[in-house]
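Encoded as structure tokens, the structure appears first; notes follow it.
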Amino acid sequence: MGVDEESLEEEDVVDPWTVESKSAAGVDYDKLIQRFGSTKIDDQLIARMQRATGRPVHHLLTRGVFFSHRDFEMILDRHESKRPFFLYTGRGPSSEAMHLGHLIPFIFTKWLQDTFDVPLVVQMTDDEKFLWKDLTLEETHRLAIENAKDIIAVGFDVNKTFIFADTDFVKDEFYRNVCRIWKCVTVNQENHIFGMTSADSVGKIAFPAIQAAPSFSSSFPQIFDGRADVPCLIPCAIDQDPYFRMTRDAAPRLGFAKPALIHSTFIPALQGAQTKMSGSQPESSIYLTDSADQIRDKIIKYAYSGGGATVEEHRKHGGNCKTDISFQYLSFFLEDDKKLEETRKAYASGEMLTGELKQQLIDVIQRIVAEHQQRRRVVTDEVVMQYMKPRPLNARMQ
Ligand code: TYM
């Protein structure tokens, strides 16, 4: 086998549908940055962010969960010169229950909204899930409303947040932008970016423009009063980047600002970092609807351990925090830096056993999910309708 073939074979697969790595430590994110042509978030950028906002930076940034960006400096420039921008993110409503991985971009987006005090648009792609899954449009729209309740439960300010389902909102100015994008992207370009083939439905080929359109402020005249020049920042896991490579290509040709992006790594599957936590593999995931007992049972039963095969071996050689799923999850969800570092040291030295590490994770996740469930209980259909009403938002627009 030639060198090229070898390296091709070992390359991680990361796209909107698949995340797969051969390595137990998971996707090689540095290589991915090179392949995708994005920019690594370094200490300098984090320090600049802290200066620009005057606030401590979120642990998902300092720990490298949000690790890559496109044009994030431009967003900081705008913040510093008091020029507006907005946030855009989304969810594909394919199931009733969202999992912990889906929570990550929303937790971080809420922090960005609180920190920068800017409007947020959230796209629920019920059309996408109808096209890709064996679900009716009625069902994906119902799931969009149910998932919107989970998103609202993260704590977004109703005065600054607009949530929409595509099958309700794709019309008027939004649809005009979809047409403009359709006209300037060829099927060839899409095949190249998404790997679609002529056997795919026309709907699948048409869909990327619909995920691209919310990047442009002129798609939301209710919010931006017809302005076409307000750029957005898109927080998402890096699997969504292909959509926005296409969007950034099209933007200058349409006279629109390119969207900026900030990308996260994936919460790995319970079984190990070779794949991501994914709704299409239920046993890989902890859901926001899981009970305390289900959370405990899943972590005990499935969470891949980087510990030694026996207690003696573990005490002698210590655990491997890079492959241990419980430690990985703690680095996403345990906010206390000091406690995380103590755990890392204790586990890596063999002083802490896998069972103790798992118990620490169980406590953290049970608390986060229980608090989420409590906040979600009060989000009724009427509350969702308030977020879904097209309206001006309380936005800085100087
Ligand atoms: P969806 O519903 O697959 O995912 C919703 C968001 O969750 C991220 N994500 C994860 N993050 C960390 N760890 C994981 N294991 C994990 N799995 C999923 C996704 O990257 C995404 O940010 N087509 C989109 C919906 C969409 C969208 C957007 C997403 C429309 N417009 C703009 C982001 C930004 C989808 O099906 O996402």
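Chain lettering (A, B, ...) mirrors the order of the structure tokens, residue numbering begins at 1 for each chain separately, and ligand numbering begins at 1 in order of display.
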Pick out the residues no farther than 6 Å from ligand 1, counting only C-alpha atoms and all ligand atoms, and list them as an MDAnalysis selection string.
chainID A and resid 89:93 101:102 104:105 123 125 211 234 236:240 266:268 276:278
So which residues touch Thr115 in chain A within 12 Å, counting only C-alpha atoms, skipping near sequence neighbours fewer than 3 positions away, as a ChimeraX atom specification?
/A:49-50,52-58,76,79,87,108-112,118-119
Between A:Asp126, A:Phe194, A:Thr310, A:Leu233, which residue has the minimum interatomic distance to Thr18 in chain A, considering only C-alpha atoms?
A:Phe194
I'd like the neighbourhood of Thr265 in chain A as a list in words, where a residue qualifies if any of its atoms comes within 9 Å (using only C-alpha atoms), though same-chain residues fewer than 6 positions away should be ignored.
Val27, Tyr29, Gly64, Val65, Phe66, Phe67, Ser68, Ala237, Ile238 and Asp239 of chain A
Can those selected residues be exported to a file as an mmCIF file, in the first residue's frame so that it contains N, CA and C atoms?
```cif
data_model
loop_
_atom_site.group_PDB
_atom_site.id
_atom_site.type_symbol
_atom_site.label_atom_id
_atom_site.label_comp_id
_atom_site.auth_asym_id
_atom_site.auth_seq_id
_atom_site.Cartn_x
_atom_site.Cartn_y
_atom_site.Cartn_z
ATOM 1 N N VAL A 27 -11.051 11.668 17.388
ATOM 2 C CA VAL A 27 -10.691 12.451 16.211
ATOM 3 C C VAL A 27 -9.427 13.270 16.489
ATOM 4 N N TYR A 29 -8.092 16.447 16.131
ATOM 5 C CA TYR A 29 -8.677 17.746 15.799
ATOM 6 C C TYR A 29 -7.678 18.698 15.163
ATOM 7 N N GLY A 64 -10.469 23.869 25.637
ATOM 8 C CA GLY A 64 -10.280 23.438 24.252
ATOM 9 C C GLY A 64 -11.443 22.661 23.660
ATOM 10 N N VAL A 65 -12.629 22.693 24.312
ATOM 11 C CA VAL A 65 -13.799 22.041 23.689
ATOM 12 C C VAL A 65 -14.200 22.856 22.457
ATOM 13 N N PHE A 66 -14.312 24.179 22.622
ATOM 14 C CA PHE A 66 -14.419 25.045 21.434
ATOM 15 C C PHE A 66 -12.982 25.343 21.027
ATOM 16 N N PHE A 67 -12.561 24.749 19.928
ATOM 17 C CA PHE A 67 -11.122 24.676 19.627
ATOM 18 C C PHE A 67 -10.748 25.322 18.299
ATOM 19 N N SER A 68 -11.735 25.681 17.493
ATOM 20 C CA SER A 68 -11.434 26.117 16.128
ATOM 21 C C SER A 68 -12.404 27.237 15.748
ATOM 22 N N ALA A 237 -20.870 22.183 16.690
ATOM 23 C CA ALA A 237 -19.773 21.211 16.620
ATOM 24 C C ALA A 237 -19.252 21.208 15.180
ATOM 25 N N ILE A 238 -18.047 20.723 14.991
ATOM 26 C CA ILE A 238 -17.389 20.917 13.682
ATOM 27 C C ILE A 238 -18.020 20.071 12.567
ATOM 28 N N ASP A 239 -18.928 19.148 12.917
ATOM 29 C CA ASP A 239 -19.611 18.371 11.868
ATOM 30 C C ASP A 239 -20.458 19.258 10.943
#
```
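CA of Asp381 in chain A is positioned 7.6 Å from CA of Ile145 in chain A.
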Residues at most 12 Å from Val379 in chain A, counting only C-alpha atoms, excluding those fewer than 6 positions away in the same chain, as a list in words?
Ile145, Glu146, Asn147, Ala148, Lys149, Asp150, Ile151, Ile152, Ala153, Val154, Gly155, Phe156, Val158, His372, Gln373, Met385, Gln386 and Tyr387 of chain A
Run DSSP on the backbone and tell me which residues of range 268-307 of chain A come out as strand (DSSP E or B); list them as a ChimeraX atom specification.
/A:268-269,272-276,287
Distance in Å - CA of Val170 in chain A versus CA of Val378 in chain A
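Computed distance, CA of Val170 in chain A to CA of Val378 in chain A, equals 28.6 Å.
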Go ahead and compute the interatomic distance for CA of Gly307 in chain A and CA of Leu100 in chain A, in Å to one decimal.
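Rounded to one decimal, the two atoms are 23.4 Å apart.
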Env of Ser326 in chain A: 12 Å cut, atoms = only C-alpha atoms, seq-sep filter 2 positions within chain, self excluded. Answer as a PyMOL selection string.
chain A and resi 267-273+296+298-307+319-324+328-334+340+343-344+347+353-365
Run DSSP on the backbone and tell me which residues of range 71-171 of chain A come out as alpha helix (DSSP H); list them as a VMD selection string.
chain A and resid 72 to 80 100 to 116 126 to 132 137 to 153 166 to 169
Let me see the file: selected residues, N, CA and C atoms, as a short mmCIF file (atom, residue, chain, number, x, y, z; two decimals), in the first residue's frame.
```
data_model
loop_
_atom_site.label_atom_id
_atom_site.label_comp_id
_atom_site.auth_asym_id
_atom_site.auth_seq_id
_atom_site.Cartn_x
_atom_site.Cartn_y
_atom_site.Cartn_z
N PHE A 72 -13.38 34.68 13.89
CA PHE A 72 -13.87 35.10 15.21
C PHE A 72 -13.28 36.46 15.61
N GLU A 73 -12.06 36.75 15.12
CA GLU A 73 -11.45 38.06 15.42
C GLU A 73 -12.34 39.19 14.90
N MET A 74 -12.93 38.96 13.71
CA MET A 74 -13.80 39.99 13.14
C MET A 74 -14.97 40.29 14.09
N ILE A 75 -15.48 39.25 14.75
CA ILE A 75 -16.59 39.42 15.69
C ILE A 75 -16.11 40.25 16.90
N LEU A 76 -14.88 39.93 17.37
CA LEU A 76 -14.34 40.70 18.51
C LEU A 76 -14.09 42.16 18.10
N ASP A 77 -13.60 42.36 16.86
CA ASP A 77 -13.44 43.75 16.36
C ASP A 77 -14.76 44.49 16.44
N ARG A 78 -15.81 43.84 15.99
CA ARG A 78 -17.12 44.51 15.97
C ARG A 78 -17.59 44.80 17.39
N HIS A 79 -17.36 43.83 18.26
CA HIS A 79 -17.78 44.06 19.66
C HIS A 79 -17.03 45.27 20.23
N GLU A 80 -15.72 45.32 19.95
CA GLU A 80 -14.91 46.41 20.52
C GLU A 80 -15.30 47.76 19.93
N LEU A 100 -26.78 14.73 25.64
CA LEU A 100 -25.85 15.68 26.25
C LEU A 100 -25.00 16.41 25.22
N GLY A 101 -24.68 15.71 24.11
CA GLY A 101 -23.87 16.34 23.06
C GLY A 101 -24.59 17.53 22.46
N HIS A 102 -25.91 17.38 22.24
CA HIS A 102 -26.66 18.48 21.64
C HIS A 102 -26.70 19.70 22.55
N LEU A 103 -26.53 19.45 23.86
CA LEU A 103 -26.60 20.54 24.82
C LEU A 103 -25.40 21.48 24.70
N ILE A 104 -24.25 20.93 24.31
CA ILE A 104 -22.99 21.70 24.34
C ILE A 104 -23.08 23.03 23.55
N PRO A 105 -23.45 22.99 22.25
CA PRO A 105 -23.48 24.29 21.55
C PRO A 105 -24.48 25.26 22.17
N PHE A 106 -25.56 24.73 22.74
CA PHE A 106 -26.57 25.64 23.30
C PHE A 106 -26.09 26.24 24.62
N ILE A 107 -25.40 25.45 25.45
CA ILE A 107 -24.85 26.00 26.70
C ILE A 107 -23.87 27.14 26.36
N PHE A 108 -23.05 26.88 25.36
CA PHE A 108 -22.03 27.87 24.99
C PHE A 108 -22.68 29.09 24.33
N THR A 109 -23.70 28.85 23.52
CA THR A 109 -24.40 29.96 22.85
C THR A 109 -25.06 30.87 23.90
N LYS A 110 -25.62 30.26 24.93
CA LYS A 110 -26.24 31.08 25.99
C LYS A 110 -25.17 31.97 26.64
N TRP A 111 -24.01 31.38 26.88
CA TRP A 111 -22.94 32.19 27.48
C TRP A 111 -22.54 33.33 26.54
N LEU A 112 -22.46 33.04 25.23
CA LEU A 112 -22.12 34.10 24.27
C LEU A 112 -23.20 35.19 24.27
N GLN A 113 -24.47 34.76 24.32
CA GLN A 113 -25.55 35.75 24.31
C GLN A 113 -25.49 36.63 25.56
N ASP A 114 -25.28 36.01 26.72
CA ASP A 114 -25.19 36.77 27.97
C ASP A 114 -23.98 37.71 27.94
N THR A 115 -22.87 37.23 27.39
CA THR A 115 -21.63 37.99 27.40
C THR A 115 -21.67 39.16 26.42
N PHE A 116 -22.19 38.91 25.21
CA PHE A 116 -22.15 39.96 24.18
C PHE A 116 -23.45 40.74 24.07
N ASP A 126 -36.81 20.98 10.55
CA ASP A 126 -37.77 19.86 10.44
C ASP A 126 -37.82 19.33 9.01
N ASP A 127 -37.57 20.22 8.02
CA ASP A 127 -37.52 19.79 6.62
C ASP A 127 -36.35 18.82 6.39
N GLU A 128 -35.18 19.15 6.98
CA GLU A 128 -33.99 18.29 6.83
C GLU A 128 -34.27 16.88 7.35
N LYS A 129 -34.87 16.81 8.52
CA LYS A 129 -35.07 15.48 9.12
C LYS A 129 -36.15 14.70 8.38
N PHE A 130 -37.12 15.41 7.79
CA PHE A 130 -38.09 14.75 6.91
C PHE A 130 -37.37 14.15 5.69
N LEU A 131 -36.44 14.91 5.15
CA LEU A 131 -35.76 14.45 3.92
C LEU A 131 -34.79 13.30 4.18
N TRP A 132 -34.14 13.32 5.35
CA TRP A 132 -33.11 12.31 5.61
C TRP A 132 -33.60 11.08 6.37
N LEU A 137 -43.63 14.87 7.80
CA LEU A 137 -43.44 16.30 8.09
C LEU A 137 -44.18 16.70 9.37
N GLU A 138 -45.34 16.07 9.59
CA GLU A 138 -46.10 16.38 10.81
C GLU A 138 -45.27 16.00 12.04
N GLU A 139 -44.61 14.83 11.95
CA GLU A 139 -43.83 14.36 13.08
C GLU A 139 -42.59 15.23 13.32
N THR A 140 -41.89 15.57 12.24
CA THR A 140 -40.67 16.38 12.46
C THR A 140 -41.04 17.78 12.98
N HIS A 141 -42.22 18.29 12.57
CA HIS A 141 -42.62 19.60 13.10
C HIS A 141 -42.96 19.49 14.58
N ARG A 142 -43.63 18.40 14.95
CA ARG A 142 -43.93 18.18 16.38
C ARG A 142 -42.61 18.07 17.18
N LEU A 143 -41.65 17.34 16.62
CA LEU A 143 -40.37 17.19 17.31
C LEU A 143 -39.63 18.53 17.42
N ALA A 144 -39.82 19.39 16.40
CA ALA A 144 -39.19 20.72 16.45
C ALA A 144 -39.71 21.49 17.66
N ILE A 145 -41.01 21.41 17.91
CA ILE A 145 -41.60 22.13 19.07
C ILE A 145 -41.07 21.51 20.37
N GLU A 146 -41.03 20.18 20.42
CA GLU A 146 -40.55 19.51 21.64
C GLU A 146 -39.09 19.85 21.91
N ASN A 147 -38.27 19.81 20.86
CA ASN A 147 -36.84 20.12 21.04
C ASN A 147 -36.64 21.60 21.39
N ALA A 148 -37.52 22.46 20.85
CA ALA A 148 -37.41 23.89 21.18
C ALA A 148 -37.59 24.08 22.69
N LYS A 149 -38.41 23.23 23.32
CA LYS A 149 -38.60 23.34 24.78
C LYS A 149 -37.28 23.07 25.51
N ASP A 150 -36.53 22.08 25.02
CA ASP A 150 -35.23 21.81 25.64
C ASP A 150 -34.27 22.97 25.44
N ILE A 151 -34.32 23.56 24.25
CA ILE A 151 -33.41 24.68 23.96
C ILE A 151 -33.76 25.88 24.84
N ILE A 152 -35.06 26.16 24.97
CA ILE A 152 -35.50 27.27 25.81
C ILE A 152 -35.09 27.02 27.26
N ALA A 153 -35.15 25.75 27.68
CA ALA A 153 -34.80 25.40 29.07
C ALA A 153 -33.33 25.66 29.39
N ASP A 166 -38.29 25.43 9.99
CA ASP A 166 -38.22 25.77 8.56
C ASP A 166 -39.58 25.72 7.87
N THR A 167 -40.39 24.68 8.17
CA THR A 167 -41.64 24.54 7.41
C THR A 167 -42.65 25.65 7.76
N ASP A 168 -42.40 26.41 8.82
CA ASP A 168 -43.24 27.59 9.11
C ASP A 168 -42.65 28.84 8.47
N PHE A 169 -41.32 28.94 8.44
CA PHE A 169 -40.70 30.26 8.25
C PHE A 169 -40.04 30.47 6.89
#
```
Applying 8 Å and only C-alpha atoms, which residues near Ala292 in chain A remain after dropping the ones on its own chain fewer than 2 positions away? List them as a PyMOL selection string.
chain A and resi 290+294-296+366+370
Only all heavy atoms, please: the residues just picked out, written as a tab-separated table (two decimals), in the first residue's frame.
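Result file follows (part23.tsv):
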```tsv
chain	number	residue	atom	x	y	z
A	290	ASP	N	-33.42	11.09	30.45
A	290	ASP	CA	-33.07	9.92	31.26
A	290	ASP	C	-33.31	10.19	32.76
A	290	ASP	O	-33.10	11.32	33.23
A	290	ASP	CB	-31.59	9.54	31.06
A	290	ASP	CG	-31.36	8.79	29.74
A	290	ASP	OD1	-32.36	8.38	29.11
A	290	ASP	OD2	-30.18	8.62	29.35
A	294	GLN	N	-31.33	5.61	35.24
A	294	GLN	CA	-30.83	5.29	33.88
A	294	GLN	C	-29.43	5.87	33.67
A	294	GLN	O	-28.56	5.22	33.08
A	294	GLN	CB	-31.79	5.84	32.82
A	294	GLN	CG	-33.04	5.01	32.66
A	294	GLN	CD	-34.06	5.69	31.73
A	294	GLN	OE1	-34.32	6.89	31.84
A	294	GLN	NE2	-34.64	4.92	30.83
A	295	ILE	N	-29.23	7.09	34.16
A	295	ILE	CA	-27.91	7.73	34.00
A	295	ILE	C	-26.85	6.89	34.72
A	295	ILE	O	-25.79	6.57	34.17
A	295	ILE	CB	-27.93	9.18	34.53
A	295	ILE	CG1	-28.83	10.04	33.64
A	295	ILE	CG2	-26.52	9.77	34.63
A	295	ILE	CD1	-29.14	11.41	34.19
A	296	ARG	N	-27.17	6.50	35.97
A	296	ARG	CA	-26.20	5.70	36.74
A	296	ARG	C	-25.90	4.38	36.01
A	296	ARG	O	-24.75	4.00	35.80
A	296	ARG	CB	-26.74	5.42	38.14
A	296	ARG	CG	-25.68	4.79	39.05
A	296	ARG	CD	-26.28	4.16	40.30
A	296	ARG	NE	-27.29	3.19	39.93
A	296	ARG	CZ	-28.55	3.20	40.39
A	296	ARG	NH1	-28.94	4.11	41.24
A	296	ARG	NH2	-29.41	2.28	39.99
A	366	GLN	N	-26.20	13.53	36.85
A	366	GLN	CA	-27.54	13.45	37.43
A	366	GLN	C	-28.03	14.85	37.84
A	366	GLN	O	-29.18	15.20	37.60
A	366	GLN	CB	-27.54	12.53	38.67
A	366	GLN	CG	-27.55	11.05	38.30
A	366	GLN	CD	-27.54	10.15	39.54
A	366	GLN	OE1	-27.13	10.57	40.61
A	366	GLN	NE2	-27.96	8.91	39.37
A	370	ALA	N	-31.18	16.65	36.02
A	370	ALA	CA	-32.34	16.93	36.88
A	370	ALA	C	-32.68	18.42	36.83
A	370	ALA	O	-33.86	18.80	36.73
A	370	ALA	CB	-32.06	16.50	38.31
```
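The protein and nucleic acid residues lying at most 10 Å from Phe174 in chain A are Asp166, Phe169, Val170, Val178, Cys179, Ile210, Ala213, Pro214, Phe216, Ser217, Ser218, Ser219, Phe220 and Pro221 of chain A, with only C-alpha atoms considered and sequence neighbours fewer than 4 positions away removed.
Take the candidates A:Val122, A:Asn177, A:Met352, A:Ser95 and check each one against Ala165 in chain A using only C-alpha atoms; the shortest distance goes to A:Val122.
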